[in-house]
Amino acid sequence: MNIVIVGSSAAALSAMEHFRVHDRNSQVTAVTKDCGMPYSKVLLPYVLRGSVPYKNLTIRSEKYFQDLDVQCVHGEATALDRERHCIRLKDGRVLSYDRLLIATGARAAVPNIPGICHDRVCYMRTKEELDHMLPLLERNPRVAVIGSGFVALQAAWAARYRGLPVTVLGHRIMPTAIDEVGGECVARAIRDCGVQLLAPVDTQRIEHLPDGSLRVWLSGEEFVEADVVLVGAGTRPNIEWLAGSGIQTEKGILVDENMRTNDPCIYAAGDVAAGPTVFGEAHGMHSLWPTAVEMGKTAGCQMAGVDMPYPGSLNMNVTEMFGVTVASVGRIRNQDVDARHPLPEELGDGYCCVFEKDGRLCGASLVGSSEGVPFLGRLRPLIAHHEPLSCPVEELGWLVNKRAFAKAPREGWTR
Amino acid sequence: MNEERIVKTLCRMCDDRCGIDVHLNGDRIVKIEGDKSHVWNRGRLCIKGSHGAEMFNSPERLKKPLKRTGNGFVEIPLEQALDEIAEKIREIQTRYGPRAVGVWKGEGVGFAQQEELARRWIHAIGSPNYFSNDSACFASRWIGNGLVLGPQGFQADVDNADCLIYWGQNPPNSHPNVTQQINRARARGARLIVIDVRFTQIARLADLFVQVRPGTDGALALGIIRELIANNWLDYQFIKNYTVGFEALKKYAQQFTYDYVSRETGCDAAWAVPQIAREIRNSMPRTGIVVGNGFEHHENGVNSIRAVACIDGLIGSVDRKGGKYLPAGPGLQELTLYNEKPLRHLEPLGADRFPVQYDFRHECHTMTLMNTILSGKPYPIRAIIMTAANPAITNPNTRKVKKALGSLDLLVVRDLFLTETAELADYVLPAATYLERSELVTHALFHTLTLTRRVLPPPEEVQDEYQFFHDMAHRLGAGDYFPWKNEDELNRWLLADSGLTLEQLQEAPSGFQYAQPRYQKYLEQGERPFRTPSGKIEFTSDYLKGYGYSELPVYIPPRTNIPDPDYPYTLVTGARKVMYCHARGHNLPALSQALTAPEMELHEANANDLGIQEGDVVRVTSRIGSIKIPVHIASADEIIPGVVQITHGWRDTNVNEITLDDTFDPICGFPVMKSVPVRIEKE
Amino acid sequence: MKMVTILPERCVGCRNCEMACAFAQSGDSCSRRWSNIRVDVSTAERFVMPIICFHCDQAWCMAVCPANAISRNGDTGAVVIDPTRCAGCKMCILACPYGNIHFDHEQHISRKCDLCGGDPECVKHCISGALNYEEIDELIGRKRDILDHKLAKVMKVHQGRTDDE
């Protein structure tokens, strides 16, 4: 069999590893438009902050591909021909496949703001974007950050960590990861770190001043001046090259629980794919590293003919920014939940909250100490399986261990 | 480069004497691990055991003698220190009489011969005044059991018991590796009953947990006796042949009805008593009852212990397999001089007030000592030689202890560190650790004798116990009593009658088994085989009656059962934490991170009444003083409401500043450290 | 391959394992916060449970690590974190369904059980016998089966989704 995998990040790597567990014989070709060995997008803000050395971005070696017996092809896929079972690369090469995995990922979204196309307007999605940004930040610039989601705030924290003056222009703080109360905690932490946080504000346009700096105009004739603008405004899946191929796409490529597209020979996984979630959505998109790993694993197994049904993805994310740990699992938005249950403050983990929908656990979030993260980790399987909320929330962390391992109460114990 | 090597010896960070592998690199101790081939601990160690290495390597260890001067302590040469100390002892004995000098043994450097050497030395120089930590720990169990069974080393035969009752003892903290022994017994089907004031760690393994108020164990024991008798769950043959006082006990026990026991103990006796009695019936005589330190430190402690020991007699578990076994000792020679040179006519301190205690233990009374030092009555005591004891932390009424010891003409403290007590001394002498000494140590239950190894020689001016007492005796004209050149010669002498040789023991670094278990040895020893005055198991004691005490193991309710409106809470102290042994270990930087400060355990119901939250600091006040301490709130049945617990051993928050040194068990003289009336106020 | 096995019915919650692990990990402190093994205790529910990394066959922490810092030690079978690669992102901590990975606030990296290189201190300090370091493959298999079985029953998890979903 001839396997072609387009992409070389989390989903692609996970897929080829799991494929090889079951199939050592088929030929596997990985097509990547990145130069060099695979790197980790998650680490970009850490490198930007200076807490991880640049070389550690690279997470796989040539030996890894040799050991896996995967042939690497450097190039960018530009077209898919399903009838001929082949893809065409930008340089004209044609690769044919028996099974194709599309793991082309997503790129940073460019918001529709006049003046945004400029050298000093930066994104933090790829190594190339980091390479572009790093020298700019060396020159002690004033930094404005557009956005207040996960990526935007990580970028803002990294810039602040480097000692730069930073202004954040955003709305709700990480609305998909934490609730308003958690958002307030993060906002406090942001301000405590000396970052100017303007929210909610809309960015109207970006003016290019003669000295090379930028003036970011906000509604109400207010503006912020900056030497560098960092944008974190979500992602767009890389699906344009599939236009006309007949692969069904909406926001991303639609896949079933086997990561299969509407073409039985073609699979998709990672940030480019929209697959089932544990909450019953058929096509949800997370754009998260762990989801990509899970989807890649499923796709890899399925391509090797091993049935590995995917129970749906459960969003999870964690980071430390502005001195606080922010973590979330599952659903936490007002429109998705019935009730929120904050844990007692005296547990000392900060603001930790469990969310409920229809009497069942549906999510959890943390703003505070990293000591609270293992608790969220223990909750993850409970959330995935819609555990009924039947005990005090602070005891949920024990629930699995207790049920699995606790001894049955004995006669003498209960008196 | 030095090669790493391993020397096997025994741990002495507490008195459990686990087998250890000491890993050395040259003359540096790298780490200490459990000895897998040792029968007691089977390769496992508690955290303080492995931190023997930290203790040994501590830069704070004393290596030079110190002498107090106007400018604090100065280092002086060892020989000078010994000369000066001897001279002062001579002066004091000349001026005030021989008995004006006392010796006090503690546990800071381990146990074994250290105690007998101190006893020998003090008698050798003509004073009967031997003191030790035992007069506030352990001795009352020896007495209580001894009054009923005879003063011999009876022990619950854990490995063979079908039912174990841990009563007032929490082995995971106080005898850590007994926990695996208990678990082995449980794994082969033995039942476990735990009776305590607190839901302790061992209670977590229990088939049956019964919670009683402090000092009321005697009522529960007598309730159980009543139940056993009422159901005829007894060994009549044994009772008939080998006991005295059954009818009197039977009659006395009748009043311990469920109602009365419930009222006194606070437990539901109608539920608990029949359950415990049934477990005893199902297992007898393989019923191993362990009485812990929880019985001591109460005014009626000895009688409560007697009551429990009576159960052993009633069910005939005495010296039975799985019961209250009497292991054979290795037959070492005795070092003490109580036969050769008894000195009772010199009025050992406290022996008049607590004669039973002196008869059984030859211990003088440390609480009386403090008053005597301060008052000179009944006769002056002006010098104390203290070896590895730290009463400034561990004795009740710290303020008085410090005042008394500080007012002596001569206080000599031998220890590993400059302890709170050493700070009061005129001379501080550096003592050898257990890794620098060689002693004979017995694990009687396993019939094993171990010669501990001198892993490394002590530093130049650091002496082992024997050398110190030897040198002092020779300087004071009592050298004839210390003829042996060193520890090794002493060990050889100790073995002389045992049929064992040092060489044999050296070849068995994990212990030499000197005997096989033998049960019911009393069957071969005539009609009066036990070492009580009657030669039988004594449910009633004429001996006690002769001193004016009750002949029966009577129950007298603790005063705390009727709360004093001024001091409505009952303070319990004396229970250890596993990382420390009493006052030891708190100065080791790594180990002490495990638990940096004591807390007061308070039930959540009481906490609610007092408006106290976790971590709040409260003032705890007894009739003699108060301390401030943060609160840990106990939930469910972790502790009985109305009772609070504070662990001893800390310098800064020292619970013994408020424990009482004037209320005693009248038989053994123990202070009531587990039923101290206190009040609690939020700070 | 050896594994630390847990017999919770023997555990008394003495926490010697935590203190020993803490010291092995930190080198200078027995404070529980350094420990990779944790004992959960609830007196009210009569619940004592030591919990330590299972070094799962399909370790989700390892799969999910975006820094490729987690790998399996070939000698001991331990799933270990390379401190020179760990970015401190905490993804593994969130990934572990047992709460067995902890954050080191001083070095800003994740910490987990590494079986002390094949001589686990927790076991040597387990005075109750609840923890054992055992060679027998069958036993491991049986224990993991029991564990999976129990977990699956509890969670109604489809087999195969236990360790990495």
# chains A, B, ... in the order shown; residues from 1 in each chain; ligands from 1

$ residues_around --residues "A:Arg380" --least-positions-apart "5" --cutoff "10 Å" --atoms "only C-alpha atoms" --output "PyMOL selection string"
(chain A and resi 314-316+328-330+361-364+374-375+385-386+397) or (chain C and resi 94-98)

$ write_last_selection --atoms "N, CA and C atoms" --output "PDB file, in the first residue's frame"
ATOM      1  N   LEU A 314     -12.170  16.008  23.036  1.00  0.00           N
ATOM      2  CA  LEU A 314     -12.511  16.814  24.208  1.00  0.00           C
ATOM      3  C   LEU A 314     -11.433  17.883  24.294  1.00  0.00           C
ATOM      4  N   ASN A 315     -11.880  19.123  24.157  1.00  0.00           N
ATOM      5  CA  ASN A 315     -10.886  20.191  24.171  1.00  0.00           C
ATOM      6  C   ASN A 315     -10.207  20.287  25.519  1.00  0.00           C
ATOM      7  N   MET A 316      -8.908  20.437  25.516  1.00  0.00           N
ATOM      8  CA  MET A 316      -8.155  20.683  26.752  1.00  0.00           C
ATOM      9  C   MET A 316      -6.992  21.592  26.435  1.00  0.00           C
ATOM     10  N   SER A 328      -8.137  24.559  30.991  1.00  0.00           N
ATOM     11  CA  SER A 328      -9.558  24.277  30.836  1.00  0.00           C
ATOM     12  C   SER A 328      -9.760  22.970  30.099  1.00  0.00           C
ATOM     13  N   VAL A 329     -10.876  22.349  30.416  1.00  0.00           N
ATOM     14  CA  VAL A 329     -11.280  21.106  29.772  1.00  0.00           C
ATOM     15  C   VAL A 329     -12.772  21.220  29.495  1.00  0.00           C
ATOM     16  N   GLY A 330     -13.192  20.878  28.274  1.00  0.00           N
ATOM     17  CA  GLY A 330     -14.617  20.792  27.986  1.00  0.00           C
ATOM     18  C   GLY A 330     -15.297  22.144  27.868  1.00  0.00           C
ATOM     19  N   LEU A 361     -21.440  16.560  34.484  1.00  0.00           N
ATOM     20  CA  LEU A 361     -20.202  17.313  34.353  1.00  0.00           C
ATOM     21  C   LEU A 361     -19.941  17.595  32.869  1.00  0.00           C
ATOM     22  N   CYS A 362     -19.645  18.859  32.527  1.00  0.00           N
ATOM     23  CA  CYS A 362     -19.361  19.126  31.120  1.00  0.00           C
ATOM     24  C   CYS A 362     -18.072  19.909  30.928  1.00  0.00           C
ATOM     25  N   GLY A 363     -17.493  20.419  32.002  1.00  0.00           N
ATOM     26  CA  GLY A 363     -16.257  21.159  31.814  1.00  0.00           C
ATOM     27  C   GLY A 363     -15.665  21.600  33.130  1.00  0.00           C
ATOM     28  N   ALA A 364     -14.436  22.091  33.041  1.00  0.00           N
ATOM     29  CA  ALA A 364     -13.775  22.598  34.237  1.00  0.00           C
ATOM     30  C   ALA A 364     -12.722  23.593  33.805  1.00  0.00           C
ATOM     31  N   PRO A 374      -3.547  18.829  38.094  1.00  0.00           N
ATOM     32  CA  PRO A 374      -3.846  17.387  38.198  1.00  0.00           C
ATOM     33  C   PRO A 374      -5.319  17.113  38.483  1.00  0.00           C
ATOM     34  N   PHE A 375      -5.947  17.998  39.223  1.00  0.00           N
ATOM     35  CA  PHE A 375      -7.384  17.849  39.495  1.00  0.00           C
ATOM     36  C   PHE A 375      -8.173  17.885  38.190  1.00  0.00           C
ATOM     37  N   HIS A 385     -17.154  11.395  29.794  1.00  0.00           N
ATOM     38  CA  HIS A 385     -18.228  10.417  29.917  1.00  0.00           C
ATOM     39  C   HIS A 385     -19.443  10.980  30.617  1.00  0.00           C
ATOM     40  N   HIS A 386     -19.528  12.295  30.668  1.00  0.00           N
ATOM     41  CA  HIS A 386     -20.737  12.977  31.149  1.00  0.00           C
ATOM     42  C   HIS A 386     -21.169  12.463  32.508  1.00  0.00           C
ATOM     43  N   GLY A 397     -12.130  14.845  42.226  1.00  0.00           N
ATOM     44  CA  GLY A 397     -10.779  14.449  41.860  1.00  0.00           C
ATOM     45  C   GLY A 397     -10.447  13.027  42.322  1.00  0.00           C
TER      46      GLY A 397
ATOM     47  N   LEU C  94      -2.202  17.894  32.652  1.00  0.00           N
ATOM     48  CA  LEU C  94      -3.627  17.888  32.334  1.00  0.00           C
ATOM     49  C   LEU C  94      -4.035  16.579  31.661  1.00  0.00           C
ATOM     50  N   ALA C  95      -3.074  15.963  30.986  1.00  0.00           N
ATOM     51  CA  ALA C  95      -3.407  14.740  30.241  1.00  0.00           C
ATOM     52  C   ALA C  95      -3.561  13.535  31.154  1.00  0.00           C
ATOM     53  N   CYS C  96      -2.849  13.507  32.284  1.00  0.00           N
ATOM     54  CA  CYS C  96      -2.861  12.299  33.120  1.00  0.00           C
ATOM     55  C   CYS C  96      -4.190  12.158  33.853  1.00  0.00           C
ATOM     56  N   PRO C  97      -4.925  11.077  33.584  1.00  0.00           N
ATOM     57  CA  PRO C  97      -6.232  10.928  34.234  1.00  0.00           C
ATOM     58  C   PRO C  97      -6.133  10.549  35.703  1.00  0.00           C
ATOM     59  N   TYR C  98      -4.922  10.271  36.181  1.00  0.00           N
ATOM     60  CA  TYR C  98      -4.752   9.872  37.577  1.00  0.00           C
ATOM     61  C   TYR C  98      -4.137  10.981  38.432  1.00  0.00           C
TER      62      TYR C  98
END

$ select_by_dssp --residues "stretch 284-363 of chain A" --states "strand (DSSP E)" --output "list in words"
Met316, Asn317, Val318, Thr319, Glu320, Met321, Val324, Thr325, Val326, Ala327, Ser328, Val329, Gly330, Ala339, Arg340, His341, Pro342, Gly350, Tyr351, Cys352, Cys353, Val354, Phe355, Glu356, Lys357, Arg360, Leu361, Cys362 and Gly363 of chain A

$ closest_residue --among "A:Asp358, A:Lys33, A:Pro210, A:Arg49" --to "chain C" --atoms "only C-alpha atoms"
A:Arg49

$ closest_atom_pairs --of "chain A" --to "chain C" --cutoff "8 Å" --atoms "only C-alpha atoms" --output "Markdown table"
| residue | atom | partner | partner_atom | distance |
| --- | --- | --- | --- | --- |
| A:Ala10 | CA | C:Pro66 | CA | 7.9 |
| A:Ser14 | CA | C:Ala63 | CA | 7.8 |
| A:Ser40 | CA | C:Pro66 | CA | 6.0 |
| A:Lys41 | CA | C:Pro66 | CA | 7.9 |
| A:Val42 | CA | C:Pro66 | CA | 6.2 |
| A:Leu43 | CA | C:Ala67 | CA | 7.0 |
| A:Tyr46 | CA | C:Ala87 | CA | 7.1 |
| A:Ser51 | CA | C:Ala87 | CA | 7.4 |
| A:Val52 | CA | C:Ala87 | CA | 6.0 |
| A:Asn56 | CA | C:Arg85 | CA | 6.5 |
| A:Leu57 | CA | C:Ala67 | CA | 7.2 |
| A:Ile59 | CA | C:Asn68 | CA | 5.5 |
| A:Arg60 | CA | C:Asn68 | CA | 7.8 |
| A:Trp289 | CA | C:Pro66 | CA | 7.3 |
| A:Pro290 | CA | C:Val64 | CA | 5.5 |
| A:Val293 | CA | C:Val64 | CA | 6.5 |
| A:Glu294 | CA | C:Glu165 | CA | 7.3 |
| A:Pro311 | CA | C:Glu165 | CA | 7.6 |
| A:Met316 | CA | C:Leu94 | CA | 7.7 |
| A:Asn317 | CA | C:Met91 | CA | 7.1 |
| A:Val318 | CA | C:Met91 | CA | 6.1 |
| A:Thr319 | CA | C:Cys89 | CA | 5.7 |
| A:Glu320 | CA | C:Cys89 | CA | 7.2 |
| A:Ser370 | CA | C:Phe103 | CA | 6.5 |
| A:Glu371 | CA | C:Phe103 | CA | 7.1 |
| A:Val373 | CA | C:Leu94 | CA | 5.7 |
| A:Pro374 | CA | C:Gly99 | CA | 4.3 |
| A:Phe375 | CA | C:Gly99 | CA | 6.3 |
| A:Leu376 | CA | C:Leu94 | CA | 6.3 |
| A:Gly377 | CA | C:Leu94 | CA | 4.2 |
| A:Arg378 | CA | C:Pro97 | CA | 4.4 |
| A:Leu379 | CA | C:Pro97 | CA | 7.2 |
| A:Arg380 | CA | C:Pro97 | CA | 6.6 |
| A:Pro381 | CA | C:Pro97 | CA | 6.6 |
| A:Leu382 | CA | C:Met155 | CA | 7.5 |
| A:His385 | CA | C:Met155 | CA | 6.9 |
| A:Trp398 | CA | C:Asp40 | CA | 7.6 |
| A:Val400 | CA | C:Leu151 | CA | 7.3 |
| A:Asn401 | CA | C:Tyr98 | CA | 7.4 |
| A:Lys402 | CA | C:Phe47 | CA | 7.2 |
| A:Arg403 | CA | C:Val154 | CA | 6.8 |
| A:Ala404 | CA | C:Lys150 | CA | 5.3 |
| A:Phe405 | CA | C:Pro8 | CA | 6.8 |
| A:Ala406 | CA | C:Phe47 | CA | 5.9 |
| A:Lys407 | CA | C:Glu9 | CA | 6.4 |
| A:Pro409 | CA | C:Arg46 | CA | 6.8 |
| A:Trp413 | CA | C:Arg46 | CA | 7.0 |

$ closest_atom_pairs --of "chain C" --to "chain B" --cutoff "7 Å" --atoms "only C-alpha atoms" --output "Markdown table"
| residue | atom | partner | partner_atom | distance |
| --- | --- | --- | --- | --- |
| C:Arg10 | CA | B:Asn183 | CA | 6.3 |
| C:Val12 | CA | B:Gln201 | CA | 5.1 |
| C:Gly13 | CA | B:Gln201 | CA | 6.4 |
| C:Cys14 | CA | B:Pro172 | CA | 6.3 |
| C:Asn16 | CA | B:Ile47 | CA | 5.7 |
| C:Met19 | CA | B:Ala594 | CA | 6.4 |
| C:Ala20 | CA | B:Ile47 | CA | 6.2 |
| C:Asp28 | CA | B:Ala590 | CA | 5.0 |
| C:Ser29 | CA | B:Ala590 | CA | 4.1 |
| C:Cys30 | CA | B:Ala594 | CA | 4.7 |
| C:Ser31 | CA | B:Ala594 | CA | 4.4 |
| C:Arg32 | CA | B:Ala594 | CA | 6.6 |
| C:Thr43 | CA | B:Ala636 | CA | 6.7 |
| C:Ala44 | CA | B:Ala636 | CA | 5.3 |
| C:Arg46 | CA | B:Arg204 | CA | 6.8 |
| C:Lys124 | CA | B:Arg44 | CA | 4.8 |
| C:His125 | CA | B:Leu45 | CA | 5.0 |
| C:Cys126 | CA | B:Arg44 | CA | 6.4 |
| C:Ile127 | CA | B:Asn177 | CA | 5.0 |
| C:Ser128 | CA | B:Gln180 | CA | 4.2 |
| C:Gly129 | CA | B:Gln180 | CA | 5.3 |

$ residues_around --residues "B:Gly499" --least-positions-apart "4" --cutoff "10 Å" --atoms "only C-alpha atoms" --output "PyMOL selection string"
chain B and resi 330-332+495+514

$ write_last_selection --atoms "N, CA and C atoms" --output "short mmCIF file (atom, residue, chain, number, x, y, z; two decimals), in the first residue's frame"
data_model
loop_
_atom_site.label_atom_id
_atom_site.label_comp_id
_atom_site.auth_asym_id
_atom_site.auth_seq_id
_atom_site.Cartn_x
_atom_site.Cartn_y
_atom_site.Cartn_z
N PRO B 330 18.01 -14.03 75.28
CA PRO B 330 19.27 -14.67 74.90
C PRO B 330 20.14 -15.02 76.10
N GLY B 331 19.73 -14.63 77.31
CA GLY B 331 20.50 -14.98 78.49
C GLY B 331 21.78 -14.19 78.66
N LEU B 332 21.70 -12.89 78.44
CA LEU B 332 22.88 -12.04 78.64
C LEU B 332 23.07 -11.82 80.14
N LEU B 495 27.99 -11.91 76.95
CA LEU B 495 27.63 -13.16 76.30
C LEU B 495 28.08 -14.40 77.08
N TYR B 514 18.75 -17.31 68.28
CA TYR B 514 19.32 -18.09 69.39
C TYR B 514 18.36 -19.14 69.91
#

$ interface_residues --of "chain B" --to "chain A" --cutoff "6 Å" --atoms "only C-alpha atoms" --output "list of chain:residue names"
B:Asp207, B:Leu208, B:Phe209

$ write_last_selection --atoms "C-alpha atoms" --output "mmCIF file, in the first residue's frame"
data_model
loop_
_atom_site.group_PDB
_atom_site.id
_atom_site.type_symbol
_atom_site.label_atom_id
_atom_site.label_comp_id
_atom_site.auth_asym_id
_atom_site.auth_seq_id
_atom_site.Cartn_x
_atom_site.Cartn_y
_atom_site.Cartn_z
ATOM 1 C CA ASP B 207 -12.203 -4.687 60.872
ATOM 2 C CA LEU B 208 -13.569 -3.022 63.939
ATOM 3 C CA PHE B 209 -12.770 0.434 65.235
#

$ residues_around --residues "A:Ile332" --least-positions-apart "3" --cutoff "9 Å" --atoms "only C-alpha atoms" --output "list of chain:residue names"
A:Pro175, A:Thr176, A:Ala177, A:Ile178, A:Asp179, A:Ser328, A:Val329, A:Gln335, A:Asp336, A:Val337, A:Arg340, A:Val354, A:Phe355, A:Glu356, A:Cys362, A:Gly363, A:Ala364, A:Ser365

$ write_last_selection --atoms "C-alpha atoms" --output "PDB file, in the first residue's frame"
ATOM      1  CA  PRO A 175     -13.807  33.162  26.208  1.00  0.00           C
ATOM      2  CA  THR A 176     -13.617  29.498  25.231  1.00  0.00           C
ATOM      3  CA  ALA A 177     -11.300  28.518  28.073  1.00  0.00           C
ATOM      4  CA  ILE A 178     -12.524  30.405  31.118  1.00  0.00           C
ATOM      5  CA  ASP A 179     -15.658  32.098  32.358  1.00  0.00           C
ATOM      6  CA  SER A 328      -9.558  24.277  30.836  1.00  0.00           C
ATOM      7  CA  VAL A 329     -11.280  21.106  29.772  1.00  0.00           C
ATOM      8  CA  GLN A 335     -24.597  29.229  26.474  1.00  0.00           C
ATOM      9  CA  ASP A 336     -23.251  25.656  26.867  1.00  0.00           C
ATOM     10  CA  VAL A 337     -23.707  25.163  30.603  1.00  0.00           C
ATOM     11  CA  ARG A 340     -21.018  26.584  37.532  1.00  0.00           C
ATOM     12  CA  VAL A 354     -16.561  22.870  37.542  1.00  0.00           C
ATOM     13  CA  PHE A 355     -19.358  23.257  35.002  1.00  0.00           C
ATOM     14  CA  GLU A 356     -22.598  21.366  34.734  1.00  0.00           C
ATOM     15  CA  CYS A 362     -19.361  19.126  31.120  1.00  0.00           C
ATOM     16  CA  GLY A 363     -16.257  21.159  31.814  1.00  0.00           C
ATOM     17  CA  ALA A 364     -13.775  22.598  34.237  1.00  0.00           C
ATOM     18  CA  SER A 365     -11.449  25.533  34.315  1.00  0.00           C
TER      19      SER A 365
END

$ decode --residues "stretch 374-389 of chain A" --atoms "N, CA and C atoms" --output "JSON list (two decimals), in the first residue's frame"
[["chain", "number", "residue", "atom", "x", "y", "z"],
["A", 374, "PRO", "N", -3.55, 18.83, 38.09],
["A", 374, "PRO", "CA", -3.85, 17.39, 38.20],
["A", 374, "PRO", "C", -5.32, 17.11, 38.48],
["A", 375, "PHE", "N", -5.95, 18.00, 39.22],
["A", 375, "PHE", "CA", -7.38, 17.85, 39.50],
["A", 375, "PHE", "C", -8.17, 17.89, 38.19],
["A", 376, "LEU", "N", -7.86, 18.86, 37.35],
["A", 376, "LEU", "CA", -8.55, 18.94, 36.06],
["A", 376, "LEU", "C", -8.25, 17.70, 35.22],
["A", 377, "GLY", "N", -7.02, 17.22, 35.32],
["A", 377, "GLY", "CA", -6.65, 16.01, 34.59],
["A", 377, "GLY", "C", -7.50, 14.83, 35.01],
["A", 378, "ARG", "N", -7.71, 14.72, 36.32],
["A", 378, "ARG", "CA", -8.53, 13.62, 36.82],
["A", 378, "ARG", "C", -9.99, 13.78, 36.40],
["A", 379, "LEU", "N", -10.40, 15.02, 36.20],
["A", 379, "LEU", "CA", -11.79, 15.26, 35.79],
["A", 379, "LEU", "C", -12.03, 14.93, 34.31],
["A", 380, "ARG", "N", -10.95, 14.95, 33.54],
["A", 380, "ARG", "CA", -11.10, 14.84, 32.09],
["A", 380, "ARG", "C", -11.90, 13.60, 31.67],
["A", 381, "PRO", "N", -11.56, 12.40, 32.19],
["A", 381, "PRO", "CA", -12.38, 11.24, 31.80],
["A", 381, "PRO", "C", -13.83, 11.37, 32.27],
["A", 382, "LEU", "N", -14.03, 12.02, 33.39],
["A", 382, "LEU", "CA", -15.40, 12.18, 33.89],
["A", 382, "LEU", "C", -16.20, 13.10, 32.98],
["A", 383, "ILE", "N", -15.54, 14.13, 32.50],
["A", 383, "ILE", "CA", -16.21, 15.06, 31.58],
["A", 383, "ILE", "C", -16.51, 14.34, 30.27],
["A", 384, "ALA", "N", -15.52, 13.58, 29.80],
["A", 384, "ALA", "CA", -15.71, 12.87, 28.53],
["A", 384, "ALA", "C", -16.89, 11.91, 28.60],
["A", 385, "HIS", "N", -17.15, 11.40, 29.79],
["A", 385, "HIS", "CA", -18.23, 10.42, 29.92],
["A", 385, "HIS", "C", -19.44, 10.98, 30.62],
["A", 386, "HIS", "N", -19.53, 12.29, 30.67],
["A", 386, "HIS", "CA", -20.74, 12.98, 31.15],
["A", 386, "HIS", "C", -21.17, 12.46, 32.51],
["A", 387, "GLU", "N", -20.21, 12.42, 33.42],
["A", 387, "GLU", "CA", -20.47, 11.92, 34.77],
["A", 387, "GLU", "C", -21.56, 12.75, 35.45],
["A", 388, "PRO", "N", -22.58, 12.08, 36.02],
["A", 388, "PRO", "CA", -23.56, 12.85, 36.79],
["A", 388, "PRO", "C", -22.89, 13.51, 38.00],
["A", 389, "LEU", "N", -23.28, 14.72, 38.27],
["A", 389, "LEU", "CA", -22.67, 15.48, 39.35],
["A", 389, "LEU", "C", -23.35, 15.11, 40.66]]
